[in-house]
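Report on the following structure.
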Amino acid sequence: MDAAIRTEGLTKVFGKTRALNSLSLEVAAGEVFGYLGPNGAGKTTTIRLLLGMLQATSGRAEIFGVDCQRHPVEAHRRLSYVPGEASLWPSLTGKETLELLGRVQAATDTAYRDVLIDRFQLDPSKRVRAYSKGNRQKLLLIASLMSRADLLVLDEPTSGLDPLMEQAFRHSVTEARERGQTVFLSSHILSEVEALCDRVAILRAGDLIEVGTLAQMRHLSAALVEAEFDSAPPDLSQVPGVRDVEVQGNRVQCQVTGPVRPLLEVLAASPVRHLLMREPSLEELFLAIYGSAGAPGEVSRAA
Amino acid sequence: MPPDSRASRRATRVAAAISARRMVRSAGLWGAVFGGYIAYAAWEYATSYPTVASREKIALTFGTNAGFSALLGQGQRLATIEGVTAWRAMGVLVPVGAVWAMLVATRLTRGEEDAGRLELLLAGQTTRGRAVAQAEAGLAAGLALLWVITAAATVAAGSPARIGISAGSALFLATAVVTGAVMFAGVGVLAAQLAATRRQANGIAAAIFGASLLIRVVADSTPGRHWLRWLSPLGWAENLHPLTSPAPVMFLPIAAFTAALAAAAVFVAGRRDMGAGVLPASDTPRPHTSLLHGPAGLAVRLGRPVITGWAAGLAIVGLIGGLVAPSAARAISSSSAIERTIGRLGVQPGSAAYLGIIYLIGSALICFAAAGQVSATRAEEAGGYTDHLLAREVSRWHWMTSRLAASTALIIIAGLAAGLSGWAGIAGQHTGLGFAELAKAGLNIIPPALFVLGVGSFAYGIWPRLAAPAAYGLVAWSFLIELLATVITNRWLLDTSVLHHIQPVPAARPDWTSAAWLTGLGTLAALAGTGLFSRRDLAGA
């Protein structure tokens, strides 16, 4: 089966700025894929290249095996897109917008559209200019989801949504996954990505620096350890794999990377009263990756 | 002074400066046009009518001609350079300034609100009422610039002994010609507070302008109805009579009217909700989806008000032209300058010649509409609206050609409306002109507009941010060349005007070969632009 998205050496240069640098990425059909990075990292550039809205400086990109730079319309037949900026024709009503967008995409499941209108509590009789930002975003989400497209490309789809609507969005993405649809989700809301995505890629300054499942990323990253002792704690700073040791009285906090056996052996020989060990959250992973000074172009594939 | 108060004053100055800055370029440009036109009108009269006899002859004709009075207003002392210069300057520049200022005023107030930028200001140390007052201050600064440039050019043009207009009189004239802009800036600002959208505000302001113009036309062209001028702001401006019998007292109603509008706008702004208007606007209309099947239908649906507006505008131009053509023709036969212009066009004076000139003006207007279409196409892309279609099963080629088709339809409809309404105006006046001649006159003004659309689309394909300036620039350049055509001898220079390649139909037979070239080149340029658009990056604002 073709990958839903495949890019090879995809590069985009604007003037002197290298917005995307030789991106090679594969998103399998049926997976929910998170695409992370701070502002200006190249997420939207990637999406606009996939949609054929930007011309690649070099490299290629495919949607279900179709070159989306050369044959964008064929590629669009199997995808649906939600942009981050909810600008819609202000003089049209919500219903008119849904009719228009439904007619220019491959398919529309009208029954599902009505379900989505209910789920997102949208009043489609209003003109777009009368909608709040959140309601315009809901309209775009409904227009995209009602297509039941094989690939949903979502660029910051929940900006402006309230927590209830955020739940409705998560429910819709879960439904899409259950139907076998692929979701490419670019988001700043890390809890959303953590809850929904099977795999995650992280960009920095146009370079792909991390890609894999969250479990794989956590495995490669440091686990957090907190220990409390009956007496003065042992010196953990010399234990292989242990770093960032902080001691406060009888309490120690540190991070451990790789095998934990050396640390456990030291702890077992000490009067440990309380021990807590946990994997980092996506937010901690994200911040750790952005805090580290990895050389551009070095991709860590947590596979 | 407390820091809060100082910060508030600084915020006020900044907001006014932003409005002024956004107005400077167009105010400077229009100032140059105003000054240049006044200088040209004075110079041309002095050159064309050097003798007393020639001046008295033309004064006799124009002074009693209803057709020209309807177009330019009632002239005074038309046997003098002062009389003719003031007549032409006031007749042309007052309404032009009014339309420009009206559109700028709604853009700087309601346009900013619609775009959401006003909210940023209101989040600072200001209020809705103060924000409007700040925009008014910025507008006033722009209008002052318009006046300064116009006044400088008028004083300079009037100083040679051959013209002999004193500096004081020149300043009065410059002040009088900008009164249209001043009053209708006020109309625009108030309309922007009453309406729910900028488009609605433009509609309200345009309706007030139309009514003012109509009252002024009736007052000037109907015997015994001169008192009607008191009912129209454009009539008040006319009653200033610069250079002939100056009536500075007329500045009082003009100033009072403008001040009242400005104060009312501030008052209304302070008492309405952001994003809402005083007049009702339905946000839940009955859905109409019949046109919404693709980019072509969408372009028609979104452009419908513009299409209707231009078709109505061109129809009015044609209708008035047709109605006054016979009487205007009699005046033309007495004007050596117009005869020379017409002679250059290679036709004989008469109703047909007058209509030939009217349709040349119509061709400039329809070219302006074509440039507006290029600008609207760019606005769709810059606003991110295009993305929703191009991310679906709509190719760039399909989107662009659909927009071009809708724009072409607008141009054809507006051209035909001008032709058919001209025929309606002239019907029954025994001019020897029939339906076929006027229909051809309407068709004749279409090819230059298609050429402008093509060139603008080509520019859009290469460099989208320059597309609108390129299209508007081509129209403005062509209009300038036509304005100065009687003194330009260089054929190559004349040929750079797109308007120079059409015949003054119905006074002459249409040059279908030139029309075919303009249409063909425009089509090729549009297709090339579409091809280039298909291969470039989409560009935001």
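So you can find residues: chains in the structure tokens are A, B, ... in the order shown, residues in each start at 1, and ligands are numbered from 1 in order.
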
May I have all residues of stretch 56-245 of chain A that DSSP, computed from the backbone, assigns to alpha helix (DSSP H), given as a ChimeraX atom specification?
/A:72-76,94-103,110-119,133-145,163-178,190-196,214-220

For chain B, report every residue with an atom at most 6 Å from chain A (counting only C-alpha atoms), formatted as a PyMOL selection string.
chain B and resi 283-284+289+292-293+385+392-393+395+537-538

Can you list, as an MDAnalysis selection string, every protein, DNA or RNA residue that comes within 10 Å of stretch 220-234 of chain B when you count only C-alpha atoms, leaving out same-chain residues fewer than 4 positions away?
chainID B and resid 64:75 90:91 94:95 98 179:180 183:184 208:209 211:216 238:239 253:254 257:258 324

What does the file look like for those residues with C-alpha atoms, as an mmCIF file, in the first residue's frame?
data_model
loop_
_atom_site.group_PDB
_atom_site.id
_atom_site.type_symbol
_atom_site.label_atom_id
_atom_site.label_comp_id
_atom_site.auth_asym_id
_atom_site.auth_seq_id
_atom_site.Cartn_x
_atom_site.Cartn_y
_atom_site.Cartn_z
ATOM 1 C CA THR B 64 -26.543 78.797 -22.960
ATOM 2 C CA ASN B 65 -25.939 75.142 -23.635
ATOM 3 C CA ALA B 66 -27.943 72.806 -21.427
ATOM 4 C CA GLY B 67 -25.860 69.766 -22.343
ATOM 5 C CA PHE B 68 -22.589 71.205 -21.117
ATOM 6 C CA SER B 69 -24.259 72.880 -18.134
ATOM 7 C CA ALA B 70 -25.558 69.460 -17.120
ATOM 8 C CA LEU B 71 -22.100 67.939 -17.360
ATOM 9 C CA LEU B 72 -19.923 70.689 -15.891
ATOM 10 C CA GLY B 73 -22.312 73.088 -14.172
ATOM 11 C CA GLN B 74 -23.345 76.608 -15.027
ATOM 12 C CA GLY B 75 -20.368 78.578 -16.354
ATOM 13 C CA MET B 90 -15.006 72.851 -10.777
ATOM 14 C CA GLY B 91 -17.089 70.738 -13.162
ATOM 15 C CA VAL B 94 -15.229 68.572 -7.519
ATOM 16 C CA PRO B 95 -17.097 65.315 -8.304
ATOM 17 C CA ALA B 98 -15.797 63.706 -3.869
ATOM 18 C CA THR B 179 -14.505 71.208 -1.239
ATOM 19 C CA GLY B 180 -16.069 68.194 -2.959
ATOM 20 C CA MET B 183 -17.626 67.280 2.153
ATOM 21 C CA PHE B 184 -17.741 63.728 0.852
ATOM 22 C CA ILE B 208 -25.880 60.516 -1.404
ATOM 23 C CA PHE B 209 -23.338 61.483 -4.056
ATOM 24 C CA ALA B 211 -28.575 62.309 -5.445
ATOM 25 C CA SER B 212 -26.385 65.413 -5.034
ATOM 26 C CA LEU B 213 -25.119 65.122 -8.589
ATOM 27 C CA LEU B 214 -28.587 64.566 -9.996
ATOM 28 C CA ILE B 215 -29.977 67.631 -8.196
ATOM 29 C CA ARG B 216 -27.035 69.680 -9.433
ATOM 30 C CA GLU B 238 -20.608 75.437 -7.636
ATOM 31 C CA ASN B 239 -22.024 78.541 -5.955
ATOM 32 C CA PRO B 253 -22.627 75.813 4.623
ATOM 33 C CA ILE B 254 -19.802 73.620 3.303
ATOM 34 C CA PHE B 257 -22.117 70.420 6.658
ATOM 35 C CA THR B 258 -18.680 68.792 6.972
ATOM 36 C CA VAL B 324 -27.816 65.892 -23.960
#

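Counting only C-alpha atoms, stretch 113-121 of chain A has the following residues at most 7 Å away, ignoring those fewer than 3 positions along the same chain: A:Asp109, A:Thr110, A:Lys138, A:Ile142, A:Met146, A:Met165, A:Ala168.
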
Need to verify the contact set: A:Leu151, 6 Å, only C-alpha atoms, exclusion of same-chain residues closer than 4 positions in sequence. Can you return it as a ChimeraX atom specification?
/A:79,181-183

Residue selection dump (N, CA and C atoms) as a compact mmCIF listing (two decimals), in the first residue's frame:
# COMPACT_ATOMS: atom_id res chain seq x y z
N LEU A 79 -7.52 14.09 -0.40
CA LEU A 79 -7.22 14.77 0.87
C LEU A 79 -8.19 15.91 1.13
N GLN A 181 -8.96 6.51 8.03
CA GLN A 181 -8.43 7.73 7.43
C GLN A 181 -7.08 8.08 8.07
N THR A 182 -6.25 8.75 7.28
CA THR A 182 -4.96 9.22 7.79
C THR A 182 -5.13 10.67 8.22
N VAL A 183 -4.48 11.02 9.32
CA VAL A 183 -4.56 12.41 9.78
C VAL A 183 -3.15 12.97 9.96

Neighbour list for A:Gly180 as a PyMOL selection string, cut-off 12 Å, only C-alpha atoms, skip fewer than 6 positions in-chain:
chain A and resi 4+28-32+148-152+173-174

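Between atom CA of B:Leu466 and atom CA of B:Ala369 the interatomic distance comes to 17.1 Å.
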
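Using only C-alpha atoms for every distance, the candidate list B:Ala195, B:Ala115, B:Ala205, B:Ile426 yields B:Ala205 as the residue closest to B:Trp100.
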
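As for atom CA of A:Thr11 and atom CA of B:Thr386, they are spaced 23.7 Å apart.
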
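Near B:Arg378, within 10 Å and counting only C-alpha atoms, sit Gly372, Gln373, Gly383, Thr386, Ser457, Tyr460, Gly461, Pro464, Arg465, Leu466, Ala467, Ala468, Ala539, Gly540 and Ala541 of chain B, not including residues fewer than 5 positions from it in the same chain.
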
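Atom pair atom CA of B:Arg286 / atom CA of B:Thr308: separated by 20.6 Å.
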
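The closest residue to B:Ile413, picked from B:Ile488, B:Val306, B:Ala459, B:Ile358 and counting only C-alpha atoms, is B:Val306.
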
Please determine, counting only C-alpha atoms, which residue among B:Val187, B:Val182, B:Val132, B:Val33 has the shortest atom-to-atom distance to B:Trp477.
B:Val33
